[in-house]
Amino acid sequence: MKMLLDGQWVDRDKKINVTDPFDNSVVDTVPAANADDVKTALAAAVKGFEITKKMTVYDRAQILFKTADIISGRLDEFATIIAREGSKTINEARKEASRCVNTITASAEEAKRILGETIPFDSFPGGEKRKGYYYRFPIGVILAITPFNDPLNLVAHKIGPAIAAGNSVILKPATVTPLSAIKLVEAMVEAGLPPQAIQLITGYGHVIGDQLVADERVRMISFTGGVEAGKRIASKAGIKKIGMELGSNSPVIVWKDADMNLAVESCVSGSFWAAGQNCIGVQRLLIHEDIYDEFKTKFVDMTNKYKIGDKLKEDTDMGPMITEDEAVRVEKWVAEAKAKGAAVLTGGGRKGALMEPTVLENVPKDVTIHYEEVFGPTVNLYKINDLDAAIKESNSLPYGLLTGIFTSNVDTAFKAAYELDCGGVMINDSTDYRLDSMPFGGVKYSGLGREGLKFSLQEMTEPKVICFNLPNM
Ligand code: NAP
């Protein structure tokens, strides 16, 4: 497949193989962009903004509605690309493709709700005879950098609202999963987006990243990825807006009055969705001691029923990790925990990129799998008996994206909701629940700012004040 630069789909002799992590077959190739391509993208994005900022809201929204229609009509094609280039099973991929339709549709709807307000200038002395208002304007070139784990919908979460707001975009998708992003941009162009409005550049972050990030013509960076890349991007960005959706180490509290079956089912799914490569995947389960043994037995039983393997088979529950190296990393983290006293209740094995769904208990606090984001199919069980202590434990790490609590007591739920330090608390759901239009983001190392279409549009526009001094009025 090709990249889109200055209105043209272009190729390069130097290519990157996009491989299926299940069998290492080459799905397709993309060009490996170089420094000249970055220069072209940056200059073209500035020209693109001259076009997008003049487009009407109606036109922007129509293009997005049509894009959603196109994807909706080709859901299987999009799902197959997601499943082949990444880790998701075909069923997980279908859900992502459907969510992408929602994300683009909601971007179109929100384009029509970019509102301003009148300003009461006469509310303090000195403002008499002044009348005015503010409206929100697009900020210019937005650099969207996206991760591998939701290769379609997380791209839609950036380019949907960026275009809805009237910005131009430079999109740099994850190098291991660029194909879904290319298909999405193709659909947008087919839907009528002027091709100059978006530059899609495929290449390694460590090669082209700094040049893109540091350029002053980029007015906002919208980044989703890991903390390490996030820190580097922040250090190179200079004076521009930055939105960061980073990782987590999500805790879920299962209180003694929880609906046991609901809690087990949603926490198993939340732990192993996309082979655990999910920023809101469950990593720490804090279970009340009164129900610990029953929960553990049911959780392990359900995990043992997971079918892992070929992503394209309808009955596969979990696919491989994104690369064998990543699976080796997780295997090592499990081994480190085991060496320091953790018990492996099930899983722990690996074949190529396929890591077994793994459940641990008695995990000491000084091991990597306790305090770092694992981003793999493992989950740690901890016994608790005090709500304050469980909340303190949940808040103890430098992340805070979503947190979950299972309880049938409204007081317990309220206490947890207000004392958990994070971007959202899911009550009677695992952390793995997200509505695409809710404000989504984290505190501490989990991020800066919020996505979720209405909220992305706020971040991707700025208010401009218009004030009339009317001395003769
Ligand atoms: P990653 O390694 O940080 O990469 C993310 C993106 O950043 C890729 O496109 C990557 O390009 C690019 N990149 C890397 N270094 C860069 C640099 N110096 N300058 C510019 N771009 C650079 O993350 P990942 O492994 O793809 O994704 C996993 C991480 O994303 C996890 O930590 C997960 O929690 C987080 N995540 C967060 C959310 C959220 O909404 N909070 C959602 C999904 C994932 P290359 O691919 O070329 O390296």
# chains A, B, ... in the order shown; residues from 1 in each chain; ligands from 1
$ residues_near_ligand --ligand "ligand 1" --cutoff "8 Å" --atoms "only C-alpha atoms and all ligand atoms" --output "PyMOL selection string"
chain A and resi 145-150+154+172-177+202-210+212-213+223-230+232-233+244-248+277-280+373+375+401+440-442+446-447+451
$ residues_around --residues "Thr358 of chain A" --least-positions-apart "4" --cutoff "9 Å" --atoms "only C-alpha atoms" --output "list in words"
Phe272, Val300, Thr303, Val334, Val344, Leu345, Thr346, Gly347, Gly348, Gly349, Pro377, Thr378, Val379 and Asn380 of chain A
$ write_last_selection --atoms "N, CA, C and O atoms" --output "PDB file, in the first residue's frame"
ATOM      1  N   PHE A 272      -7.966 -10.234  28.919  1.00  0.00           N
ATOM      2  CA  PHE A 272      -7.356 -10.923  27.770  1.00  0.00           C
ATOM      3  C   PHE A 272      -7.803 -10.389  26.410  1.00  0.00           C
ATOM      4  O   PHE A 272      -7.421 -10.934  25.375  1.00  0.00           O
ATOM      5  N   VAL A 300     -10.153 -18.730  37.034  1.00  0.00           N
ATOM      6  CA  VAL A 300      -9.168 -19.636  36.408  1.00  0.00           C
ATOM      7  C   VAL A 300      -9.892 -20.628  35.489  1.00  0.00           C
ATOM      8  O   VAL A 300      -9.434 -20.907  34.373  1.00  0.00           O
ATOM      9  N   THR A 303     -10.735 -18.859  32.324  1.00  0.00           N
ATOM     10  CA  THR A 303      -9.505 -18.589  31.562  1.00  0.00           C
ATOM     11  C   THR A 303      -9.044 -19.862  30.853  1.00  0.00           C
ATOM     12  O   THR A 303      -8.607 -19.828  29.699  1.00  0.00           O
ATOM     13  N   VAL A 334       6.765 -12.724  33.792  1.00  0.00           N
ATOM     14  CA  VAL A 334       6.095 -13.774  34.572  1.00  0.00           C
ATOM     15  C   VAL A 334       7.159 -14.583  35.333  1.00  0.00           C
ATOM     16  O   VAL A 334       7.011 -14.866  36.536  1.00  0.00           O
ATOM     17  N   VAL A 344       1.815 -19.096  39.689  1.00  0.00           N
ATOM     18  CA  VAL A 344       1.149 -19.036  38.385  1.00  0.00           C
ATOM     19  C   VAL A 344      -0.044 -19.988  38.464  1.00  0.00           C
ATOM     20  O   VAL A 344       0.123 -21.201  38.506  1.00  0.00           O
ATOM     21  N   LEU A 345      -1.253 -19.426  38.488  1.00  0.00           N
ATOM     22  CA  LEU A 345      -2.454 -20.261  38.647  1.00  0.00           C
ATOM     23  C   LEU A 345      -2.839 -20.944  37.345  1.00  0.00           C
ATOM     24  O   LEU A 345      -3.383 -22.039  37.347  1.00  0.00           O
ATOM     25  N   THR A 346      -2.580 -20.278  36.249  1.00  0.00           N
ATOM     26  CA  THR A 346      -2.742 -20.914  34.928  1.00  0.00           C
ATOM     27  C   THR A 346      -1.937 -20.124  33.919  1.00  0.00           C
ATOM     28  O   THR A 346      -1.654 -18.939  34.114  1.00  0.00           O
ATOM     29  N   GLY A 347      -1.551 -20.765  32.810  1.00  0.00           N
ATOM     30  CA  GLY A 347      -0.811 -20.073  31.755  1.00  0.00           C
ATOM     31  C   GLY A 347       0.670 -19.992  32.044  1.00  0.00           C
ATOM     32  O   GLY A 347       1.238 -20.863  32.695  1.00  0.00           O
ATOM     33  N   GLY A 348       1.280 -18.926  31.512  1.00  0.00           N
ATOM     34  CA  GLY A 348       2.716 -18.711  31.705  1.00  0.00           C
ATOM     35  C   GLY A 348       3.540 -19.208  30.530  1.00  0.00           C
ATOM     36  O   GLY A 348       4.692 -18.842  30.376  1.00  0.00           O
ATOM     37  N   GLY A 349       2.923 -20.062  29.676  1.00  0.00           N
ATOM     38  CA  GLY A 349       3.679 -20.621  28.556  1.00  0.00           C
ATOM     39  C   GLY A 349       3.599 -19.737  27.319  1.00  0.00           C
ATOM     40  O   GLY A 349       2.750 -18.846  27.218  1.00  0.00           O
ATOM     41  N   PRO A 377      -1.236 -10.587  28.004  1.00  0.00           N
ATOM     42  CA  PRO A 377      -2.369 -11.335  28.564  1.00  0.00           C
ATOM     43  C   PRO A 377      -2.087 -11.935  29.937  1.00  0.00           C
ATOM     44  O   PRO A 377      -2.111 -13.151  30.104  1.00  0.00           O
ATOM     45  N   THR A 378      -1.777 -11.078  30.899  1.00  0.00           N
ATOM     46  CA  THR A 378      -1.583 -11.575  32.264  1.00  0.00           C
ATOM     47  C   THR A 378      -2.365 -10.700  33.224  1.00  0.00           C
ATOM     48  O   THR A 378      -2.583  -9.525  32.969  1.00  0.00           O
ATOM     49  N   VAL A 379      -2.767 -11.299  34.352  1.00  0.00           N
ATOM     50  CA  VAL A 379      -3.504 -10.535  35.363  1.00  0.00           C
ATOM     51  C   VAL A 379      -3.075 -11.032  36.741  1.00  0.00           C
ATOM     52  O   VAL A 379      -2.801 -12.222  36.917  1.00  0.00           O
ATOM     53  N   ASN A 380      -2.975 -10.099  37.690  1.00  0.00           N
ATOM     54  CA  ASN A 380      -2.541 -10.441  39.055  1.00  0.00           C
ATOM     55  C   ASN A 380      -3.736 -10.386  39.998  1.00  0.00           C
ATOM     56  O   ASN A 380      -4.490  -9.408  39.978  1.00  0.00           O
TER      57      ASN A 380
END
$ atom_distance --atom1 "atom CA of Lys112 of chain A" --atom2 "atom CA of Arg130 of chain A"
28.1 Å
$ closest_residue --among "A:Lys14, A:Lys444, A:Lys158, A:Lys311" --to "Glu92 of chain A" --atoms "only C-alpha atoms"
A:Lys311
$ select_by_dssp --residues "segment 147-379 of chain A" --states "strand (DSSP E)" --output "ChimeraX atom specification"
/A:168-172,198-200,218-224,241-245,250-254,282-288,343-346,350-351,354-355,358-361,378-379
$ residues_around --residues "Asn249 of chain A" --least-positions-apart "5" --cutoff "10 Å" --atoms "only C-alpha atoms" --output "JSON, numbers by chain"
{"A": [279, 280, 281, 282, 283, 284, 369, 370, 371, 372, 373, 374, 375, 394, 397, 398, 399, 400, 401, 402, 403, 446]}
$ atom_distance --atom1 "atom CA of Gly376 of chain A" --atom2 "atom CA of Ala327 of chain A"
7.6 Å
$ residues_around --residues "Ala43 of chain A" --least-positions-apart "5" --cutoff "9 Å" --atoms "only C-alpha atoms" --output "PyMOL selection string"
chain A and resi 6+38+48+217
$ write_last_selection --atoms "C-alpha atoms" --output "PDB file, in the first residue's frame"
ATOM      1  CA  ASP A   6       0.675  16.382  -1.092  1.00  0.00           C
ATOM      2  CA  VAL A  38       8.646  14.550   6.159  1.00  0.00           C
ATOM      3  CA  GLY A  48      -3.958  21.631   3.242  1.00  0.00           C
ATOM      4  CA  ARG A 217       4.281  24.372  11.644  1.00  0.00           C
TER       5      ARG A 217
END
